[in-house]
Structure formats: C-alpha cells, structure tokens
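Notes to accompany the following structure.
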Amino acid sequence: MSTAGPAEVDDLFTLPVGEFVAARDDLVRRLKADGDIAQAGTVKALRRPTLAAWAVNQVVRTDVEAWEALVAAGRTVQKAQRRALSGLRDSGLRDASTVRRGLVEALTDHAARILADAGARPESHLDDVAATFEAATADRDAAATIGAGCLSAPVHVTTDFSGTSALLAMSLVADDGDDADPDEDDDEVDPAVAERRRDAMRVLEASRVQAEASAMAAQSSRDEAATTAEQAEEARRAATAAREAADRAQAEADTLTTRAEEAATVATEAATTAAADADAIEAARDALDALT
C-alpha cells in the first residue's frame, strides 16, 4: 500500500484499475523529465491496486460519511470492550458491535456494487474488502491508512502480538484492578498498564474480527451452496419436464404409427375387395356375352 502524495499520485488511485499502470508510468516519465528522480522512483514503486483494494479506495473516497461513521463505531466498540473487561455489566458492547457490524456490511455492499459496475465479479473479492473495513475498526493506524484511499492491497488484522494469547490478554486487563475507571484515558494511568491494556484490546479485537470474518465467509459459502442447490433443482425439474415431453411425443408418434398401419390395412382390404368386385363384374359380362 502507499500513502497519499502529490495530487497526481493521489489521482492514480481514482482511476479504473486497468488504467493505473499506464497512468503511473506516464507520471514517472514526466517526473524524470522535470528532474525529480527521487519522486519518480517512489511513484514507479507503486503497485496497481488489487480489485478489493481498489473498491475500498473508491468507497472511502465517495461515501465519506459512512466511512467516518465506521471509524467512530470502531472506537466505540473498543471503549465498550474496555468497560466490559473492567467488570461493568452494562458495557454497551453488544449494541456497539451491532452498529459496527452493520456499517461494515453496508460499506462492503457498496464496494460490491462498485465492482459489479466495473464489470468484475464481486464475490471473490468481498472477503478481503470486509476484512479491510474490519481492520479499520480495530487499529487507528490501519484506519488512517485505509482512509487515505490509496491502498494497493487489502489490510488484515493480525493476532500476533509477541505471542500474547487472548486469554492472557484478559488476565492482564483484569489485573489492573476493579477500581479502575473504564473510561479513563490511557495517558492518565500508569504507562505500563496502559500499554498492556492496549495490547490486550488489540488481541481481543483481532480475535473478534477474525471470528466474524470466518462467520461471514461461512455465510457466503452457505449462500453459494444454497444457490447451487436451487440451480441444480431447477435443472432437475427442467430435465424431468423435457423427459416427460419426450415421452408424450413418443406416445403420440406411436399412436400415429398405429393409426397409419390400421389405415394401410383398411386400404389393402379395400383394394382386395375392389379387385374381387372387378373380377365378378368381368365374369358377369362374359356370361352375358355367351348368352347373346
């Protein structure tokens, strides 16, 4: 990923993905012609955004209000987590998490529409999109980077905080004491305690983010499976209808064949009768001729 630079660099990330490389290389040539070799090298190193990163860039640039609401919701969740871990029963964590989850889903849906309008298939990119929006709610630095709208790759939260487990993180926060003010700012408590608390909250938030991302991926898989099952059922019904139509057509063909055979038999019998009648008439004529 990159940070925002000159206006020309920022503009690169607003272009359709397929135009990024040509525009970047053109900017590099212009920078070199102006003698700005260092900046040209920096721009040349910019990577074309993945479709997921590109979609996120467009969302944070065009839906600023929802984006800012998501970042604020992330801070609210973190404060609620701190209250919950301090022992408060009514921490507001459930409601805060519901709001945050709704915003992640809304922004992800917006990204899906952007991808579809660009001619891409959104389904294969939405996990990375959702994970990036989740990361913005878990880490301030990630939120700042994502909010710049210049991502080249999606952002994922990691749970690797010097090997600290979520269970240990909870014990570290609990050790701060029941008298701690859950809304107290980190800079008003012992720095070591504040740092331990931040690490703990990051681990817990990362675990939550990964769990919800897994749940979303599982739901997506279930939805795809349901769609496939519906399509298979429709195909089965169509095949059954086609088979029944073929059976009806065969039955009608058999009936017509039988009728044709019966008609042929009747025609043969009629021809035989007609021939016999003709022979009888001829014999009668011969008899009359003999009498005369």
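Every chain in the structure tokens has a letter given in the order shown (A, B, ...), and although residue numbers restart at 1 in each chain, ligands are simply numbered from 1 in the order shown.
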
Discussion item. I want to know what sits within 12 Å of A:Thr98, based on only C-alpha atoms, with residues of the same chain fewer than 4 positions away left out; could you give that as an MDAnalysis selection string?
Written reply: chainID A and resid 70 73:74 76:77 92:94 102:105 212

Could you save those same residues with N, CA, C and O atoms as a PDB file, in the first residue's frame?
ATOM      1  N   LEU A  70     -18.003   4.460  10.411  1.00  0.00           N
ATOM      2  CA  LEU A  70     -17.381   3.173  10.712  1.00  0.00           C
ATOM      3  C   LEU A  70     -16.198   3.350  11.659  1.00  0.00           C
ATOM      4  O   LEU A  70     -16.050   2.595  12.628  1.00  0.00           O
ATOM      5  N   ALA A  73     -17.472   4.075  15.006  1.00  0.00           N
ATOM      6  CA  ALA A  73     -18.045   2.867  15.592  1.00  0.00           C
ATOM      7  C   ALA A  73     -16.950   1.955  16.131  1.00  0.00           C
ATOM      8  O   ALA A  73     -17.130   1.308  17.173  1.00  0.00           O
ATOM      9  N   GLY A  74     -15.821   1.906  15.435  1.00  0.00           N
ATOM     10  CA  GLY A  74     -14.706   1.104  15.913  1.00  0.00           C
ATOM     11  C   GLY A  74     -14.196   1.606  17.256  1.00  0.00           C
ATOM     12  O   GLY A  74     -13.900   0.819  18.167  1.00  0.00           O
ATOM     13  N   THR A  76     -15.943   3.263  19.427  1.00  0.00           N
ATOM     14  CA  THR A  76     -16.984   2.975  20.413  1.00  0.00           C
ATOM     15  C   THR A  76     -16.901   1.527  20.886  1.00  0.00           C
ATOM     16  O   THR A  76     -17.044   1.237  22.075  1.00  0.00           O
ATOM     17  N   VAL A  77     -16.661   0.609  19.958  1.00  0.00           N
ATOM     18  CA  VAL A  77     -16.517  -0.804  20.315  1.00  0.00           C
ATOM     19  C   VAL A  77     -15.322  -0.999  21.239  1.00  0.00           C
ATOM     20  O   VAL A  77     -15.407  -1.728  22.242  1.00  0.00           O
ATOM     21  N   GLY A  92     -22.362  -1.944  27.055  1.00  0.00           N
ATOM     22  CA  GLY A  92     -22.801  -1.467  25.744  1.00  0.00           C
ATOM     23  C   GLY A  92     -22.084  -2.143  24.591  1.00  0.00           C
ATOM     24  O   GLY A  92     -22.218  -1.719  23.443  1.00  0.00           O
ATOM     25  N   LEU A  93     -21.328  -3.212  24.891  1.00  0.00           N
ATOM     26  CA  LEU A  93     -20.526  -3.859  23.845  1.00  0.00           C
ATOM     27  C   LEU A  93     -21.396  -4.494  22.772  1.00  0.00           C
ATOM     28  O   LEU A  93     -21.089  -4.393  21.581  1.00  0.00           O
ATOM     29  N   ARG A  94     -22.481  -5.125  23.172  1.00  0.00           N
ATOM     30  CA  ARG A  94     -23.331  -5.800  22.189  1.00  0.00           C
ATOM     31  C   ARG A  94     -23.903  -4.804  21.188  1.00  0.00           C
ATOM     32  O   ARG A  94     -23.846  -5.000  19.979  1.00  0.00           O
ATOM     33  N   GLY A 102     -23.043  -3.620  11.216  1.00  0.00           N
ATOM     34  CA  GLY A 102     -23.931  -3.107  10.184  1.00  0.00           C
ATOM     35  C   GLY A 102     -23.233  -2.165   9.225  1.00  0.00           C
ATOM     36  O   GLY A 102     -23.468  -2.194   8.016  1.00  0.00           O
ATOM     37  N   LEU A 103     -22.347  -1.336   9.751  1.00  0.00           N
ATOM     38  CA  LEU A 103     -21.602  -0.407   8.900  1.00  0.00           C
ATOM     39  C   LEU A 103     -20.616  -1.149   8.003  1.00  0.00           C
ATOM     40  O   LEU A 103     -20.449  -0.801   6.828  1.00  0.00           O
ATOM     41  N   VAL A 104     -19.953  -2.177   8.548  1.00  0.00           N
ATOM     42  CA  VAL A 104     -19.032  -2.979   7.730  1.00  0.00           C
ATOM     43  C   VAL A 104     -19.801  -3.618   6.575  1.00  0.00           C
ATOM     44  O   VAL A 104     -19.355  -3.597   5.415  1.00  0.00           O
ATOM     45  N   GLU A 105     -20.974  -4.157   6.876  1.00  0.00           N
ATOM     46  CA  GLU A 105     -21.766  -4.810   5.826  1.00  0.00           C
ATOM     47  C   GLU A 105     -22.241  -3.792   4.783  1.00  0.00           C
ATOM     48  O   GLU A 105     -22.218  -4.080   3.582  1.00  0.00           O
ATOM     49  N   GLU A 212     -15.557 -13.026  13.202  1.00  0.00           N
ATOM     50  CA  GLU A 212     -16.657 -12.509  12.395  1.00  0.00           C
ATOM     51  C   GLU A 212     -16.364 -12.667  10.911  1.00  0.00           C
ATOM     52  O   GLU A 212     -17.273 -12.943  10.123  1.00  0.00           O
TER      53      GLU A 212
END

May I have the residues within 6 Å of stretch 130-140 of chain A as a CSV table (one decimal) with N, CA and C atoms, in the first residue's frame, using only C-alpha atoms and disregarding those fewer than 3 positions away in the same chain?
chain,number,residue,atom,x,y,z
A,71,VAL,N,-15.3,4.3,11.4
A,71,VAL,CA,-14.2,4.6,12.2
A,71,VAL,C,-14.7,4.9,13.6
A,74,GLY,N,-15.8,1.9,15.4
A,74,GLY,CA,-14.7,1.1,15.9
A,74,GLY,C,-14.2,1.6,17.3
A,108,THR,N,-19.3,-2.8,2.7
A,108,THR,CA,-18.9,-3.9,1.8
A,108,THR,C,-19.9,-4.1,0.6
A,126,LEU,N,-15.0,-9.9,-1.9
A,126,LEU,CA,-15.7,-9.3,-0.7
A,126,LEU,C,-15.1,-9.7,0.6
A,127,ASP,N,-14.5,-10.9,0.7
A,127,ASP,CA,-13.8,-11.3,2.0
A,127,ASP,C,-12.7,-10.3,2.3
A,143,ALA,N,-6.8,2.4,10.2
A,143,ALA,CA,-7.9,3.3,9.8
A,143,ALA,C,-7.4,4.5,9.0
A,154,PRO,N,-5.4,-5.2,0.2
A,154,PRO,CA,-6.3,-5.2,1.3
A,154,PRO,C,-5.5,-5.2,2.6
A,155,VAL,N,-6.1,-4.8,3.7
A,155,VAL,CA,-5.5,-4.8,5.0
A,155,VAL,C,-6.2,-5.8,5.9
A,156,HIS,N,-5.3,-6.6,6.6
A,156,HIS,CA,-5.9,-7.6,7.5
A,156,HIS,C,-5.3,-7.4,8.9
A,157,VAL,N,-6.1,-7.6,9.9
A,157,VAL,CA,-5.6,-7.5,11.3
A,157,VAL,C,-4.9,-8.8,11.7

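Nearest residue to A:Asp26, choosing from A:Leu85, A:Ala111, A:Asp10, A:Lys44 and counting only C-alpha atoms: A:Lys44.
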
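Of the residues under consideration (A:Gly149, A:Pro49, A:Gly41, A:Gly35), A:Pro49 shows the shortest atom-to-atom contact distance to A:Phe20 when counting only C-alpha atoms.
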
The distance between atom CA of A:Leu31 and atom CA of A:Val60 is 27.9 Å

Problem set entry | Who sits within 12 Å of A:Ala112, only C-alpha atoms, same chain under 6 positions skipped, as a PyMOL selection string | chain A and resi 51-56+58-59+105-106+118-130

Using the selection just defined, write its residues with N, CA and C atoms as a PDB file, in the first residue's frame.
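Contents of result17.pdb, freshly written:
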ATOM      1  N   LEU A  51      -8.307  -5.617  -6.991  1.00  0.00           N
ATOM      2  CA  LEU A  51      -9.684  -5.177  -7.136  1.00  0.00           C
ATOM      3  C   LEU A  51     -10.331  -4.887  -5.779  1.00  0.00           C
ATOM      4  N   ALA A  52      -9.985  -5.690  -4.773  1.00  0.00           N
ATOM      5  CA  ALA A  52     -10.539  -5.450  -3.436  1.00  0.00           C
ATOM      6  C   ALA A  52     -10.063  -4.111  -2.894  1.00  0.00           C
ATOM      7  N   ALA A  53      -8.749  -3.862  -2.996  1.00  0.00           N
ATOM      8  CA  ALA A  53      -8.198  -2.594  -2.503  1.00  0.00           C
ATOM      9  C   ALA A  53      -8.754  -1.417  -3.288  1.00  0.00           C
ATOM     10  N   TRP A  54      -8.886  -1.582  -4.589  1.00  0.00           N
ATOM     11  CA  TRP A  54      -9.418  -0.502  -5.420  1.00  0.00           C
ATOM     12  C   TRP A  54     -10.847  -0.156  -5.017  1.00  0.00           C
ATOM     13  N   ALA A  55     -11.654  -1.186  -4.775  1.00  0.00           N
ATOM     14  CA  ALA A  55     -13.041  -0.948  -4.381  1.00  0.00           C
ATOM     15  C   ALA A  55     -13.110  -0.219  -3.039  1.00  0.00           C
ATOM     16  N   VAL A  56     -12.260  -0.622  -2.094  1.00  0.00           N
ATOM     17  CA  VAL A  56     -12.223   0.064  -0.795  1.00  0.00           C
ATOM     18  C   VAL A  56     -11.833   1.529  -0.989  1.00  0.00           C
ATOM     19  N   GLN A  58     -12.359   3.444  -3.506  1.00  0.00           N
ATOM     20  CA  GLN A  58     -13.465   4.216  -4.063  1.00  0.00           C
ATOM     21  C   GLN A  58     -14.549   4.471  -3.017  1.00  0.00           C
ATOM     22  N   VAL A  59     -14.787   3.479  -2.152  1.00  0.00           N
ATOM     23  CA  VAL A  59     -15.815   3.644  -1.121  1.00  0.00           C
ATOM     24  C   VAL A  59     -15.438   4.746  -0.149  1.00  0.00           C
ATOM     25  N   GLU A 105     -20.974  -4.157   6.876  1.00  0.00           N
ATOM     26  CA  GLU A 105     -21.766  -4.810   5.826  1.00  0.00           C
ATOM     27  C   GLU A 105     -22.241  -3.792   4.783  1.00  0.00           C
ATOM     28  N   ALA A 106     -22.652  -2.599   5.253  1.00  0.00           N
ATOM     29  CA  ALA A 106     -23.131  -1.578   4.316  1.00  0.00           C
ATOM     30  C   ALA A 106     -22.010  -1.113   3.384  1.00  0.00           C
ATOM     31  N   ALA A 118     -18.020  -2.033 -12.459  1.00  0.00           N
ATOM     32  CA  ALA A 118     -16.755  -2.034 -13.203  1.00  0.00           C
ATOM     33  C   ALA A 118     -16.584  -3.297 -14.038  1.00  0.00           C
ATOM     34  N   GLY A 119     -17.583  -4.188 -13.973  1.00  0.00           N
ATOM     35  CA  GLY A 119     -17.522  -5.406 -14.774  1.00  0.00           C
ATOM     36  C   GLY A 119     -16.837  -6.566 -14.099  1.00  0.00           C
ATOM     37  N   ALA A 120     -16.529  -6.435 -12.789  1.00  0.00           N
ATOM     38  CA  ALA A 120     -15.876  -7.517 -12.055  1.00  0.00           C
ATOM     39  C   ALA A 120     -16.924  -8.348 -11.331  1.00  0.00           C
ATOM     40  N   ARG A 121     -16.537  -9.562 -10.933  1.00  0.00           N
ATOM     41  CA  ARG A 121     -17.412 -10.414 -10.135  1.00  0.00           C
ATOM     42  C   ARG A 121     -17.079 -10.149  -8.669  1.00  0.00           C
ATOM     43  N   PRO A 122     -17.972  -9.511  -7.922  1.00  0.00           N
ATOM     44  CA  PRO A 122     -17.653  -9.096  -6.549  1.00  0.00           C
ATOM     45  C   PRO A 122     -17.369 -10.244  -5.600  1.00  0.00           C
ATOM     46  N   GLU A 123     -18.016 -11.401  -5.795  1.00  0.00           N
ATOM     47  CA  GLU A 123     -17.990 -12.455  -4.789  1.00  0.00           C
ATOM     48  C   GLU A 123     -16.578 -12.848  -4.352  1.00  0.00           C
ATOM     49  N   SER A 124     -15.655 -12.918  -5.280  1.00  0.00           N
ATOM     50  CA  SER A 124     -14.306 -13.395  -4.954  1.00  0.00           C
ATOM     51  C   SER A 124     -13.447 -12.342  -4.277  1.00  0.00           C
ATOM     52  N   HIS A 125     -13.963 -11.125  -4.118  1.00  0.00           N
ATOM     53  CA  HIS A 125     -13.175 -10.047  -3.521  1.00  0.00           C
ATOM     54  C   HIS A 125     -13.754  -9.533  -2.206  1.00  0.00           C
ATOM     55  N   LEU A 126     -14.965  -9.936  -1.867  1.00  0.00           N
ATOM     56  CA  LEU A 126     -15.652  -9.316  -0.735  1.00  0.00           C
ATOM     57  C   LEU A 126     -15.074  -9.707   0.618  1.00  0.00           C
ATOM     58  N   ASP A 127     -14.460 -10.896   0.720  1.00  0.00           N
ATOM     59  CA  ASP A 127     -13.824 -11.256   1.994  1.00  0.00           C
ATOM     60  C   ASP A 127     -12.703 -10.281   2.324  1.00  0.00           C
ATOM     61  N   ASP A 128     -11.881  -9.957   1.310  1.00  0.00           N
ATOM     62  CA  ASP A 128     -10.785  -9.004   1.527  1.00  0.00           C
ATOM     63  C   ASP A 128     -11.321  -7.603   1.803  1.00  0.00           C
ATOM     64  N   VAL A 129     -12.398  -7.230   1.121  1.00  0.00           N
ATOM     65  CA  VAL A 129     -12.996  -5.914   1.355  1.00  0.00           C
ATOM     66  C   VAL A 129     -13.496  -5.804   2.783  1.00  0.00           C
ATOM     67  N   ALA A 130     -14.273  -6.816   3.228  1.00  0.00           N
ATOM     68  CA  ALA A 130     -14.821  -6.795   4.580  1.00  0.00           C
ATOM     69  C   ALA A 130     -13.715  -6.807   5.624  1.00  0.00           C
TER      70      ALA A 130
END
